[in-house]
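Here is the structure we will look at, set down as structure tokens.
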Amino acid sequence: MTDLLKVENLSVGFISDGQKSIAVNGVSFHIRHGETVGLVGESGSGKSVSALSILKLLPYPTAFHDSGKVLFEGADLLGLPEAEIRSVRGNRISMIFQEPMSSLNPLHSIEKQISEIIEIHQGLSRSAARVETLRLLTRVGIPDAEKRMSALPHELSGGQRQRVMIAMALANQPDLLIADEPTTALDVTIQKQILDLLKELQAEFGMAVLLITHDLGVVKNMAERIYVMQHGDIVEDGAVDDVFNTPKHPYTRQLINAEPSGTAPPLETTEPLIEADNLRVWFPVKTGLMRRTTDYVKAVTDISFTVNRGETLGIVGESGSGKTTLGRALLGLQAANGKARFDGRDIIGVSRKARRTLRKHMQIVFQDPFGSLSPRMSVGDIITEGLKLHEPQLNRDAVAARLADIMREVELDPEMAARYPHEFSGGQRQRIAIARALILEPQFIVLDEPTSALDRSVQAHIIALLRRLQAEKGLTYLFISHDLKVVRALSHRVMVMQNGVCVEEGAAEQIFTAPRETYTQELLAAALDG
């Protein structure tokens, strides 16, 4: 196979406040016709910046290239005028971005966004472009495609939005598809469907794929060759099997070994801390002028379980299965029916005053640390906000001492307390969120997808931290995740949810080695081996 794309000695820098910083240090790589190449590394390694340079999608002139060529069938894309590079973008080379919700226009229908690309590059009439759009949406597996064409992005699920992005990227049958973290935020079953779809479409169109990801399991199953990036350099490359079986660079070995592993330690007690009986969360659907309830969205239906002191109960299932709603109901963040007790005390339908007392003992860590931390507050104020509310008798020195202690416990430097969330990495922000929950010395913490947005090596650090804190403080966790490897590494028991009901529950080892229910078996089969 001949080279379709050849990147030679590419450097990428940025200018901020008059200061230059280099993000990519003279990297070189190539992609052959019809080949899938993986570009892997942690956040900040330079993967996405290198890919965006191919189509000149960086914020020039803030971004600059001190050196390099991007040769596409021999023509240097970096040297092309804007009009000519536009004829390549979305036509010969297309790109799928990590978060479809932010890369799709929220104000335009799905049909308009795909048809526009077809009309611009193929010169088709509006009616002909509509026919082609419908064909593409059907091909990428959008159910009831004709009815969904008028939908806005927020009316589709995450997996459906990603399928729309694929349809847009393939509208003009490109020679090269750049897929930047195309499955990071998706459930394992949806992830498998999207990757299988990409494989099918690649074979159908004969296109090459540059797959950018921090998920080594995805690369191992999709790519033929791999490039590993660290701090703006390519530190290792080769055939996928060679790199995974005999990695040469220490960083590559670190990435491979960062896969979640191990199991939860044995429990020392079977004393219940959380008990739920027939917990139910139904949202009424109101219609007509009188706004009468005509139906219900059954988010959680008659769930019963017990979590013992010091235990981790893992909750798994696809998006929409009711995992997060269940966790929020236990904390009183979502109205619910049924019975639930914390340390023998009722926690459903209690007064606001009683709920406030309970909150000190029951905390939550959210999925997206950046979204759950106020950008206007310093990290010190964020962590101590709850402490000042629940323990107002503490003076400033006592609060500062508790803040320094808890920051050290989550392995953050107390000197960073005056900084703001945007000045921290994703892993550090999640440590801040954990510190905010821990400073009140709770007994029970709901962990809602706390590692899903993190690189594997950062995930490994957070998992180790959660394990250590649980052992030292006797914490009880409700761990919600669609990442089955992480659940297996942390959980004593696992509950599998589908469409608001519990379909299977048992010891973690039993669920992962001998699942009884078909749905559980499908979930496990969809999780890629790393």
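To be explicit about the labels: the chains of the structure tokens are called A, B, and onward in the order shown, and within each one the residues are counted from 1, while ligands get numbers from 1 in the order they are shown.
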Tyr60 of chain A environment, 12 Å, only C-alpha atoms, sequence neighbours closer than 3 positions dropped, as a ChimeraX atom specification: /A:12-15,52-53,56-57,63-65,78,82
Those in segment 305-463 of chain A with alpha helix (DSSP H) from DSSP, as a PyMOL selection string: chain A and resi 323-330+352-359+369-372+379-390+396-409+426-438+456-463
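Those residues that approach segment 151-157 of chain A to within 7 Å, counting only C-alpha atoms, are Met101, Leu104, Pro106, Leu107, His108, Ser109, Ile110, Arg148, Gln160 and Arg161 of chain A; same-chain residues fewer than 3 positions away are not listed.
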Strand (DSSP E) per DSSP on the backbone: members of segment 160-284 of chain A, as a ChimeraX atom specification: /A:176-180,208-213,225-230,233-239,272-284
Include N, CA and C atoms and write out the residues we just selected as an mmCIF file, in the first residue's frame.
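Just written: part_27.cif:
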data_model
loop_
_atom_site.group_PDB
_atom_site.id
_atom_site.type_symbol
_atom_site.label_atom_id
_atom_site.label_comp_id
_atom_site.auth_asym_id
_atom_site.auth_seq_id
_atom_site.Cartn_x
_atom_site.Cartn_y
_atom_site.Cartn_z
ATOM 1 N N LEU A 176 -9.808 9.741 3.805
ATOM 2 C CA LEU A 176 -9.250 9.620 5.149
ATOM 3 C C LEU A 176 -10.264 10.127 6.165
ATOM 4 N N LEU A 177 -10.518 9.317 7.187
ATOM 5 C CA LEU A 177 -11.389 9.707 8.297
ATOM 6 C C LEU A 177 -10.535 9.844 9.552
ATOM 7 N N ILE A 178 -10.574 11.020 10.169
ATOM 8 C CA ILE A 178 -9.881 11.237 11.444
ATOM 9 C C ILE A 178 -10.924 11.127 12.546
ATOM 10 N N ALA A 179 -10.786 10.140 13.418
ATOM 11 C CA ALA A 179 -11.749 9.902 14.499
ATOM 12 C C ALA A 179 -11.069 10.236 15.826
ATOM 13 N N ASP A 180 -11.463 11.378 16.428
ATOM 14 C CA ASP A 180 -10.820 11.864 17.652
ATOM 15 C C ASP A 180 -11.651 11.461 18.861
ATOM 16 N N ALA A 208 -9.049 5.224 4.664
ATOM 17 C CA ALA A 208 -8.083 5.090 5.746
ATOM 18 C C ALA A 208 -8.656 5.766 6.989
ATOM 19 N N VAL A 209 -8.231 5.324 8.180
ATOM 20 C CA VAL A 209 -8.723 5.891 9.435
ATOM 21 C C VAL A 209 -7.543 6.220 10.342
ATOM 22 N N LEU A 210 -7.525 7.457 10.839
ATOM 23 C CA LEU A 210 -6.594 7.841 11.904
ATOM 24 C C LEU A 210 -7.409 7.885 13.185
ATOM 25 N N LEU A 211 -7.162 6.948 14.098
ATOM 26 C CA LEU A 211 -7.946 6.787 15.318
ATOM 27 C C LEU A 211 -7.161 7.358 16.493
ATOM 28 N N ILE A 212 -7.684 8.434 17.058
ATOM 29 C CA ILE A 212 -7.024 9.111 18.177
ATOM 30 C C ILE A 212 -7.767 8.737 19.453
ATOM 31 N N THR A 213 -7.065 8.177 20.423
ATOM 32 C CA THR A 213 -7.743 7.727 21.638
ATOM 33 C C THR A 213 -6.750 7.517 22.774
ATOM 34 N N ARG A 225 -1.538 -0.381 12.876
ATOM 35 C CA ARG A 225 -0.299 0.191 13.405
ATOM 36 C C ARG A 225 -0.638 1.245 14.447
ATOM 37 N N ILE A 226 0.345 1.572 15.290
ATOM 38 C CA ILE A 226 0.103 2.487 16.400
ATOM 39 C C ILE A 226 1.298 3.416 16.593
ATOM 40 N N TYR A 227 1.008 4.671 16.916
ATOM 41 C CA TYR A 227 2.021 5.645 17.334
ATOM 42 C C TYR A 227 1.666 6.078 18.756
ATOM 43 N N VAL A 228 2.670 6.106 19.642
ATOM 44 C CA VAL A 228 2.457 6.482 21.044
ATOM 45 C C VAL A 228 3.084 7.849 21.278
ATOM 46 N N MET A 229 2.267 8.799 21.775
ATOM 47 C CA MET A 229 2.761 10.165 22.009
ATOM 48 C C MET A 229 2.849 10.475 23.494
ATOM 49 N N GLN A 230 3.904 11.216 23.849
ATOM 50 C CA GLN A 230 4.085 11.701 25.221
ATOM 51 C C GLN A 230 4.753 13.063 25.151
ATOM 52 N N ASP A 233 5.985 14.335 21.777
ATOM 53 C CA ASP A 233 6.899 13.491 21.006
ATOM 54 C C ASP A 233 6.266 12.133 20.730
ATOM 55 N N ILE A 234 6.606 11.535 19.605
ATOM 56 C CA ILE A 234 6.261 10.134 19.360
ATOM 57 C C ILE A 234 7.382 9.299 19.947
ATOM 58 N N VAL A 235 7.048 8.526 20.987
ATOM 59 C CA VAL A 235 8.079 7.785 21.715
ATOM 60 C C VAL A 235 8.186 6.336 21.252
ATOM 61 N N GLU A 236 7.150 5.833 20.534
ATOM 62 C CA GLU A 236 7.195 4.456 20.041
ATOM 63 C C GLU A 236 6.170 4.284 18.932
ATOM 64 N N ASP A 237 6.492 3.444 17.966
ATOM 65 C CA ASP A 237 5.530 3.118 16.915
ATOM 66 C C ASP A 237 5.814 1.715 16.408
ATOM 67 N N GLY A 238 4.807 1.138 15.767
ATOM 68 C CA GLY A 238 4.983 -0.196 15.208
ATOM 69 C C GLY A 238 3.642 -0.872 14.995
ATOM 70 N N ALA A 239 3.703 -2.150 14.569
ATOM 71 C CA ALA A 239 2.479 -2.935 14.425
ATOM 72 C C ALA A 239 1.827 -3.090 15.798
ATOM 73 N N PRO A 272 -25.433 -3.600 57.926
ATOM 74 C CA PRO A 272 -25.998 -2.732 56.883
ATOM 75 C C PRO A 272 -25.827 -1.253 57.221
ATOM 76 N N LEU A 273 -25.502 -0.447 56.206
ATOM 77 C CA LEU A 273 -25.474 1.000 56.353
ATOM 78 C C LEU A 273 -26.592 1.631 55.523
ATOM 79 N N ILE A 274 -26.740 1.169 54.275
ATOM 80 C CA ILE A 274 -27.801 1.655 53.389
ATOM 81 C C ILE A 274 -28.740 0.493 53.075
ATOM 82 N N GLU A 275 -30.046 0.718 53.250
ATOM 83 C CA GLU A 275 -31.049 -0.298 52.912
ATOM 84 C C GLU A 275 -32.146 0.359 52.084
ATOM 85 N N ALA A 276 -32.486 -0.243 50.964
ATOM 86 C CA ALA A 276 -33.558 0.271 50.111
ATOM 87 C C ALA A 276 -34.586 -0.830 49.875
ATOM 88 N N ASP A 277 -35.863 -0.474 49.985
ATOM 89 C CA ASP A 277 -36.958 -1.422 49.762
ATOM 90 C C ASP A 277 -37.937 -0.825 48.753
ATOM 91 N N ASN A 278 -38.045 -1.484 47.602
ATOM 92 C CA ASN A 278 -39.008 -1.070 46.572
ATOM 93 C C ASN A 278 -38.917 0.431 46.260
ATOM 94 N N LEU A 279 -37.685 0.894 46.055
ATOM 95 C CA LEU A 279 -37.454 2.303 45.725
ATOM 96 C C LEU A 279 -37.944 2.568 44.306
ATOM 97 N N ARG A 280 -38.694 3.666 44.154
ATOM 98 C CA ARG A 280 -39.302 3.947 42.854
ATOM 99 C C ARG A 280 -39.181 5.432 42.529
ATOM 100 N N VAL A 281 -38.754 5.732 41.288
ATOM 101 C CA VAL A 281 -38.747 7.111 40.792
ATOM 102 C C VAL A 281 -39.443 7.106 39.432
ATOM 103 N N TRP A 282 -40.648 7.630 39.407
ATOM 104 C CA TRP A 282 -41.411 7.744 38.159
ATOM 105 C C TRP A 282 -41.676 9.218 37.888
ATOM 106 N N PHE A 283 -41.434 9.629 36.643
ATOM 107 C CA PHE A 283 -41.698 11.013 36.252
ATOM 108 C C PHE A 283 -43.014 11.069 35.480
ATOM 109 N N PRO A 284 -43.984 11.876 35.935
ATOM 110 C CA PRO A 284 -45.270 11.940 35.239
ATOM 111 C C PRO A 284 -45.163 12.614 33.879
#
From A:Gln367, A:Gln191, A:Gln334, A:Asn395, residue lying nearest Thr451 of chain A [only C-alpha atoms]: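 The answer is A:Gln367, which sits nearest to Thr451 of chain A.
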For Glu119 of chain A: contacts at 12 Å, only C-alpha atoms, fewer than 4 positions along chain excluded, given as a list in words: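 Non-adjacent residues within range: Gly90, Asn91, Glu111, Lys112, Gln113, Ile114, Ser115, Gly123, Leu124, Ser125, Arg126, Ser127, Ala128, Ala129, Arg130, Val131, Glu132, Thr133, Ala171 and Asn172 of chain A.
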Would you output that residue set with N, CA, C and O atoms, as a CSV table (one decimal), in the first residue's frame?
chain,number,residue,atom,x,y,z
A,90,GLY,N,-13.9,17.9,5.0
A,90,GLY,CA,-15.2,17.3,4.9
A,90,GLY,C,-15.5,16.7,3.5
A,90,GLY,O,-16.6,16.2,3.3
A,91,ASN,N,-14.5,16.6,2.7
A,91,ASN,CA,-14.6,16.1,1.4
A,91,ASN,C,-13.6,14.9,1.2
A,91,ASN,O,-14.0,13.7,1.3
A,111,GLU,N,-31.1,17.0,9.5
A,111,GLU,CA,-31.1,17.0,8.1
A,111,GLU,C,-30.3,18.2,7.5
A,111,GLU,O,-29.5,18.1,6.6
A,112,LYS,N,-30.5,19.4,8.1
A,112,LYS,CA,-29.9,20.6,7.6
A,112,LYS,C,-28.4,20.5,7.7
A,112,LYS,O,-27.6,20.9,6.8
A,113,GLN,N,-27.9,19.9,8.8
A,113,GLN,CA,-26.4,19.9,9.0
A,113,GLN,C,-25.7,18.9,8.0
A,113,GLN,O,-24.6,19.2,7.6
A,114,ILE,N,-26.4,17.8,7.7
A,114,ILE,CA,-25.8,16.9,6.8
A,114,ILE,C,-26.0,17.3,5.4
A,114,ILE,O,-25.0,17.3,4.6
A,115,SER,N,-27.2,17.8,5.0
A,115,SER,CA,-27.5,18.2,3.7
A,115,SER,C,-26.5,19.4,3.2
A,115,SER,O,-26.1,19.4,2.1
A,123,GLY,N,-22.6,19.7,-5.0
A,123,GLY,CA,-23.4,20.6,-5.8
A,123,GLY,C,-24.8,20.0,-6.1
A,123,GLY,O,-25.4,20.4,-7.1
A,124,LEU,N,-25.3,19.2,-5.2
A,124,LEU,CA,-26.7,18.6,-5.4
A,124,LEU,C,-27.7,19.6,-5.0
A,124,LEU,O,-27.5,20.5,-4.2
A,125,SER,N,-28.9,19.4,-5.6
A,125,SER,CA,-30.1,20.3,-5.2
A,125,SER,C,-30.5,19.9,-3.8
A,125,SER,O,-30.1,18.8,-3.3
A,126,ARG,N,-31.4,20.7,-3.2
A,126,ARG,CA,-31.8,20.5,-1.9
A,126,ARG,C,-32.6,19.2,-1.8
A,126,ARG,O,-32.4,18.4,-0.8
A,127,SER,N,-33.4,18.9,-2.8
A,127,SER,CA,-34.2,17.6,-2.7
A,127,SER,C,-33.3,16.4,-2.9
A,127,SER,O,-33.5,15.4,-2.2
A,128,ALA,N,-32.3,16.5,-3.8
A,128,ALA,CA,-31.4,15.4,-4.0
A,128,ALA,C,-30.5,15.2,-2.7
A,128,ALA,O,-30.2,14.1,-2.3
A,129,ALA,N,-30.1,16.3,-2.1
A,129,ALA,CA,-29.3,16.2,-0.9
A,129,ALA,C,-30.1,15.6,0.3
A,129,ALA,O,-29.6,14.8,1.1
A,130,ARG,N,-31.4,15.9,0.3
A,130,ARG,CA,-32.3,15.3,1.3
A,130,ARG,C,-32.4,13.8,1.2
A,130,ARG,O,-32.3,13.0,2.1
A,131,VAL,N,-32.5,13.3,-0.1
A,131,VAL,CA,-32.6,11.9,-0.4
A,131,VAL,C,-31.3,11.2,0.1
A,131,VAL,O,-31.3,10.1,0.7
A,132,GLU,N,-30.1,11.9,-0.2
A,132,GLU,CA,-28.8,11.3,0.2
A,132,GLU,C,-28.7,11.3,1.7
A,132,GLU,O,-28.1,10.4,2.3
A,133,THR,N,-29.2,12.4,2.4
A,133,THR,CA,-29.1,12.5,3.8
A,133,THR,C,-29.9,11.3,4.5
A,133,THR,O,-29.4,10.7,5.4
A,171,ALA,N,-20.4,11.7,4.4
A,171,ALA,CA,-21.3,12.2,3.4
A,171,ALA,C,-20.7,12.3,2.0
A,171,ALA,O,-21.3,12.0,1.0
A,172,ASN,N,-19.4,12.6,1.9
A,172,ASN,CA,-18.7,12.7,0.6
A,172,ASN,C,-17.7,11.6,0.4
A,172,ASN,O,-16.8,11.8,-0.4
Å distance separating atom CA of Gly322 of chain A from atom CA of Gly500 of chain A, one decimal place: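 Separating atom CA of Gly322 of chain A from atom CA of Gly500 of chain A is a distance of 4.8 Å.
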Residue contacts of segment 413-424 of chain A (12 Å, only C-alpha atoms) excluding same-chain residues fewer than 2 positions away, as a ChimeraX atom specification: /A:369-384,400-411,426-433,435
N, CA and C atoms of the current selection, written as an mmCIF file, in the first residue's frame:
data_model
loop_
_atom_site.group_PDB
_atom_site.id
_atom_site.type_symbol
_atom_site.label_atom_id
_atom_site.label_comp_id
_atom_site.auth_asym_id
_atom_site.auth_seq_id
_atom_site.Cartn_x
_atom_site.Cartn_y
_atom_site.Cartn_z
ATOM 1 N N PRO A 369 -15.840 16.597 36.721
ATOM 2 C CA PRO A 369 -15.376 17.485 37.787
ATOM 3 C C PRO A 369 -15.364 18.953 37.368
ATOM 4 N N PHE A 370 -15.093 19.220 36.082
ATOM 5 C CA PHE A 370 -15.037 20.618 35.643
ATOM 6 C C PHE A 370 -16.422 21.243 35.691
ATOM 7 N N GLY A 371 -17.449 20.465 35.319
ATOM 8 C CA GLY A 371 -18.807 20.975 35.333
ATOM 9 C C GLY A 371 -19.384 21.118 36.728
ATOM 10 N N SER A 372 -18.852 20.359 37.695
ATOM 11 C CA SER A 372 -19.420 20.387 39.046
ATOM 12 C C SER A 372 -18.626 21.286 40.002
ATOM 13 N N LEU A 373 -17.549 21.909 39.518
ATOM 14 C CA LEU A 373 -16.769 22.834 40.342
ATOM 15 C C LEU A 373 -17.009 24.254 39.835
ATOM 16 N N SER A 374 -17.352 25.165 40.726
ATOM 17 C CA SER A 374 -17.629 26.542 40.315
ATOM 18 C C SER A 374 -16.359 27.201 39.775
ATOM 19 N N PRO A 375 -16.408 27.749 38.559
ATOM 20 C CA PRO A 375 -15.205 28.387 37.992
ATOM 21 C C PRO A 375 -14.861 29.700 38.683
ATOM 22 N N ARG A 376 -15.811 30.234 39.464
ATOM 23 C CA ARG A 376 -15.596 31.532 40.120
ATOM 24 C C ARG A 376 -15.033 31.409 41.533
ATOM 25 N N MET A 377 -14.932 30.176 42.025
ATOM 26 C CA MET A 377 -14.445 29.969 43.392
ATOM 27 C C MET A 377 -13.057 29.335 43.367
ATOM 28 N N SER A 378 -12.243 29.724 44.328
ATOM 29 C CA SER A 378 -10.949 29.065 44.457
ATOM 30 C C SER A 378 -11.164 27.638 44.927
ATOM 31 N N VAL A 379 -10.162 26.799 44.720
ATOM 32 C CA VAL A 379 -10.258 25.400 45.128
ATOM 33 C C VAL A 379 -10.451 25.281 46.640
ATOM 34 N N GLY A 380 -9.777 26.128 47.388
ATOM 35 C CA GLY A 380 -9.933 26.109 48.842
ATOM 36 C C GLY A 380 -11.360 26.400 49.261
ATOM 37 N N ASP A 381 -11.977 27.399 48.614
ATOM 38 C CA ASP A 381 -13.370 27.734 48.943
ATOM 39 C C ASP A 381 -14.330 26.624 48.522
ATOM 40 N N ILE A 382 -14.051 25.991 47.386
ATOM 41 C CA ILE A 382 -14.900 24.889 46.912
ATOM 42 C C ILE A 382 -14.885 23.736 47.906
ATOM 43 N N ILE A 383 -13.696 23.368 48.345
ATOM 44 C CA ILE A 383 -13.564 22.206 49.241
ATOM 45 C C ILE A 383 -14.178 22.484 50.608
ATOM 46 N N THR A 384 -14.036 23.727 51.102
ATOM 47 C CA THR A 384 -14.485 24.026 52.471
ATOM 48 C C THR A 384 -15.905 24.577 52.542
ATOM 49 N N ALA A 400 -8.772 26.138 57.842
ATOM 50 C CA ALA A 400 -7.552 26.061 57.025
ATOM 51 C C ALA A 400 -6.780 24.775 57.307
ATOM 52 N N ALA A 401 -6.758 24.359 58.594
ATOM 53 C CA ALA A 401 -6.050 23.125 58.958
ATOM 54 C C ALA A 401 -6.750 21.910 58.357
ATOM 55 N N ARG A 402 -8.101 21.878 58.414
ATOM 56 C CA ARG A 402 -8.840 20.754 57.822
ATOM 57 C C ARG A 402 -8.630 20.719 56.304
ATOM 58 N N LEU A 403 -8.600 21.908 55.677
ATOM 59 C CA LEU A 403 -8.388 21.999 54.234
ATOM 60 C C LEU A 403 -7.024 21.433 53.850
ATOM 61 N N ALA A 404 -5.989 21.841 54.569
ATOM 62 C CA ALA A 404 -4.632 21.355 54.261
ATOM 63 C C ALA A 404 -4.551 19.842 54.451
ATOM 64 N N ASP A 405 -5.173 19.331 55.516
ATOM 65 C CA ASP A 405 -5.136 17.888 55.781
ATOM 66 C C ASP A 405 -5.816 17.100 54.661
ATOM 67 N N ILE A 406 -7.013 17.565 54.244
ATOM 68 C CA ILE A 406 -7.760 16.790 53.254
ATOM 69 C C ILE A 406 -7.093 16.883 51.881
ATOM 70 N N MET A 407 -6.478 18.016 51.564
ATOM 71 C CA MET A 407 -5.769 18.121 50.283
ATOM 72 C C MET A 407 -4.581 17.162 50.244
ATOM 73 N N ARG A 408 -3.891 17.055 51.374
ATOM 74 C CA ARG A 408 -2.775 16.097 51.420
ATOM 75 C C ARG A 408 -3.284 14.664 51.295
ATOM 76 N N GLU A 409 -4.447 14.373 51.895
ATOM 77 C CA GLU A 409 -4.997 13.016 51.838
ATOM 78 C C GLU A 409 -5.326 12.585 50.411
ATOM 79 N N VAL A 410 -5.777 13.541 49.580
ATOM 80 C CA VAL A 410 -6.088 13.204 48.190
ATOM 81 C C VAL A 410 -4.902 13.502 47.268
ATOM 82 N N GLU A 411 -3.740 13.722 47.884
ATOM 83 C CA GLU A 411 -2.474 13.888 47.150
ATOM 84 C C GLU A 411 -2.446 15.143 46.293
ATOM 85 N N GLY A 426 -7.518 17.209 34.533
ATOM 86 C CA GLY A 426 -8.739 16.460 34.810
ATOM 87 C C GLY A 426 -8.615 15.595 36.049
ATOM 88 N N GLY A 427 -7.491 14.900 36.192
ATOM 89 C CA GLY A 427 -7.282 14.047 37.359
ATOM 90 C C GLY A 427 -7.217 14.843 38.648
ATOM 91 N N GLN A 428 -6.558 16.018 38.595
ATOM 92 C CA GLN A 428 -6.488 16.868 39.787
ATOM 93 C C GLN A 428 -7.864 17.414 40.158
ATOM 94 N N ARG A 429 -8.667 17.772 39.149
ATOM 95 C CA ARG A 429 -10.014 18.277 39.432
ATOM 96 C C ARG A 429 -10.866 17.199 40.101
ATOM 97 N N GLN A 430 -10.684 15.933 39.680
ATOM 98 C CA GLN A 430 -11.455 14.873 40.319
ATOM 99 C C GLN A 430 -10.998 14.682 41.762
ATOM 100 N N ARG A 431 -9.713 14.880 42.047
ATOM 101 C CA ARG A 431 -9.228 14.815 43.428
ATOM 102 C C ARG A 431 -9.837 15.939 44.271
ATOM 103 N N ILE A 432 -10.009 17.106 43.641
ATOM 104 C CA ILE A 432 -10.652 18.238 44.335
ATOM 105 C C ILE A 432 -12.091 17.868 44.701
ATOM 106 N N ALA A 433 -12.807 17.244 43.740
ATOM 107 C CA ALA A 433 -14.191 16.831 43.992
ATOM 108 C C ALA A 433 -14.257 15.794 45.112
ATOM 109 N N ALA A 435 -12.022 15.517 47.540
ATOM 110 C CA ALA A 435 -11.702 16.236 48.781
ATOM 111 C C ALA A 435 -12.920 16.983 49.304
#
Under the rule of at most 10 Å, produce a per-residue listing of segment 254-349 of chain A near segment 473-497 of chain A: chain, number, name, the closest pair of atoms, and the distance in Å, as CSV, using only C-alpha atoms.
residue,atom,partner,partner_atom,distance
A:Glu259,CA,A:Lys485,CA,8.0
A:Pro260,CA,A:Val486,CA,5.6
A:Ser261,CA,A:Ala489,CA,5.4
A:Gly262,CA,A:Ala489,CA,5.1
A:Thr263,CA,A:Ala489,CA,4.5
A:Ala264,CA,A:Leu490,CA,5.1
A:Pro265,CA,A:His492,CA,7.7
A:Pro266,CA,A:His492,CA,7.8
A:Leu267,CA,A:His492,CA,8.0
A:Glu268,CA,A:Gly474,CA,9.9
A:Leu273,CA,A:Thr476,CA,8.0
A:Ile274,CA,A:Thr476,CA,9.0
A:Val300,CA,A:Met497,CA,9.2
A:Ile303,CA,A:Met497,CA,9.5
A:Phe305,CA,A:Met495,CA,8.8
A:Val307,CA,A:Thr476,CA,7.6
A:Asn308,CA,A:Thr476,CA,7.3
A:Arg309,CA,A:Thr476,CA,5.6
A:Gly310,CA,A:Thr476,CA,4.5
A:Glu311,CA,A:Thr476,CA,5.1
A:Thr312,CA,A:Tyr477,CA,4.6
A:Leu313,CA,A:Arg493,CA,5.0
A:Gly314,CA,A:Val494,CA,4.5
A:Ile315,CA,A:Ile480,CA,4.8
A:Val316,CA,A:Val496,CA,5.0
A:Gly317,CA,A:Met497,CA,5.1
A:Glu318,CA,A:His482,CA,6.6
A:Ser319,CA,A:His482,CA,8.1
A:Gly320,CA,A:Met497,CA,9.5
A:Ser321,CA,A:Met497,CA,5.7
A:Gly322,CA,A:Met497,CA,7.0
A:Lys323,CA,A:Ile480,CA,6.4
A:Thr324,CA,A:Ile480,CA,7.0
A:Leu326,CA,A:Ile480,CA,9.6
A:Gly327,CA,A:Leu478,CA,7.5
Take the residues from that selection and put them in a file with C-alpha atoms, as a PDB file, in the first residue's frame.
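File part30.pdb, as written:
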ATOM      1  CA  GLU A 259      -5.555  -0.896  32.878  1.00  0.00           C
ATOM      2  CA  PRO A 260      -7.750  -1.234  36.002  1.00  0.00           C
ATOM      3  CA  SER A 261      -6.921  -4.477  37.770  1.00  0.00           C
ATOM      4  CA  GLY A 262      -7.316  -6.266  41.072  1.00  0.00           C
ATOM      5  CA  THR A 263     -10.442  -6.836  43.128  1.00  0.00           C
ATOM      6  CA  ALA A 264     -11.985  -5.312  46.249  1.00  0.00           C
ATOM      7  CA  PRO A 265     -10.517  -6.537  49.571  1.00  0.00           C
ATOM      8  CA  PRO A 266     -12.638  -8.872  51.741  1.00  0.00           C
ATOM      9  CA  LEU A 267     -15.288  -7.211  53.909  1.00  0.00           C
ATOM     10  CA  GLU A 268     -14.743  -7.187  57.665  1.00  0.00           C
ATOM     11  CA  LEU A 273     -25.474   1.000  56.353  1.00  0.00           C
ATOM     12  CA  ILE A 274     -27.801   1.655  53.389  1.00  0.00           C
ATOM     13  CA  VAL A 300     -36.401   3.423  38.692  1.00  0.00           C
ATOM     14  CA  ILE A 303     -35.352  -1.521  43.461  1.00  0.00           C
ATOM     15  CA  PHE A 305     -30.735  -3.672  47.980  1.00  0.00           C
ATOM     16  CA  VAL A 307     -24.957  -1.853  51.205  1.00  0.00           C
ATOM     17  CA  ASN A 308     -22.893  -2.905  54.217  1.00  0.00           C
ATOM     18  CA  ARG A 309     -20.414  -0.707  56.075  1.00  0.00           C
ATOM     19  CA  GLY A 310     -17.105  -0.476  54.219  1.00  0.00           C
ATOM     20  CA  GLU A 311     -18.582  -2.134  51.122  1.00  0.00           C
ATOM     21  CA  THR A 312     -18.646  -0.965  47.501  1.00  0.00           C
ATOM     22  CA  LEU A 313     -21.792  -1.748  45.524  1.00  0.00           C
ATOM     23  CA  GLY A 314     -21.188  -1.264  41.811  1.00  0.00           C
ATOM     24  CA  ILE A 315     -24.185  -0.175  39.696  1.00  0.00           C
ATOM     25  CA  VAL A 316     -23.812  -0.890  35.975  1.00  0.00           C
ATOM     26  CA  GLY A 317     -26.021  -0.518  32.926  1.00  0.00           C
ATOM     27  CA  GLU A 318     -26.391   1.550  29.793  1.00  0.00           C
ATOM     28  CA  SER A 319     -27.323   5.242  29.688  1.00  0.00           C
ATOM     29  CA  GLY A 320     -30.975   5.615  30.650  1.00  0.00           C
ATOM     30  CA  SER A 321     -30.993   2.488  32.814  1.00  0.00           C
ATOM     31  CA  GLY A 322     -31.644   4.534  35.983  1.00  0.00           C
ATOM     32  CA  LYS A 323     -28.203   4.299  37.646  1.00  0.00           C
ATOM     33  CA  THR A 324     -27.719   7.996  38.372  1.00  0.00           C
ATOM     34  CA  LEU A 326     -31.079   5.777  41.894  1.00  0.00           C
ATOM     35  CA  GLY A 327     -28.000   7.386  43.444  1.00  0.00           C
TER      36      GLY A 327
END
Using only C-alpha atoms: which of A:Asp215, A:Val140, A:Asp241, A:Leu5 has the shortest distance to Leu201 of chain A: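 Result for the nearest residue to Leu201 of chain A: A:Val140.
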Top pick for closest residue to Met95 of chain A, considering A:Val49, A:Met168, A:Ile118, A:Leu394 and counting only C-alpha atoms: A:Met168
Nearest-residue call for Arg356 of chain A, choices A:Lys339, A:His390, A:His33, A:Lys69, using only C-alpha atoms: A:His390
All residues 10 Å or closer to Ile142 of chain A, only C-alpha atoms, same chain fewer than 4 positions away omitted, as a list in words: Leu134, Leu136, Leu137, Thr138, Glu146, Lys147, Arg148, Met149, Leu156, Gly159, Gln160, Arg161, Arg163, Val164 and Ala167 of chain A
For Tyr519 of chain A, the nearest of the candidates A:Ser425, A:Ser351, A:Asn105, A:Asn499, counting only C-alpha atoms: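 Result for the nearest residue to Tyr519 of chain A: A:Asn499.
Distance check against Thr184 of chain A using only C-alpha atoms: of A:Asp455, A:Glu472, A:Asp17, A:Asp196, the minimum falls on A:Asp455.
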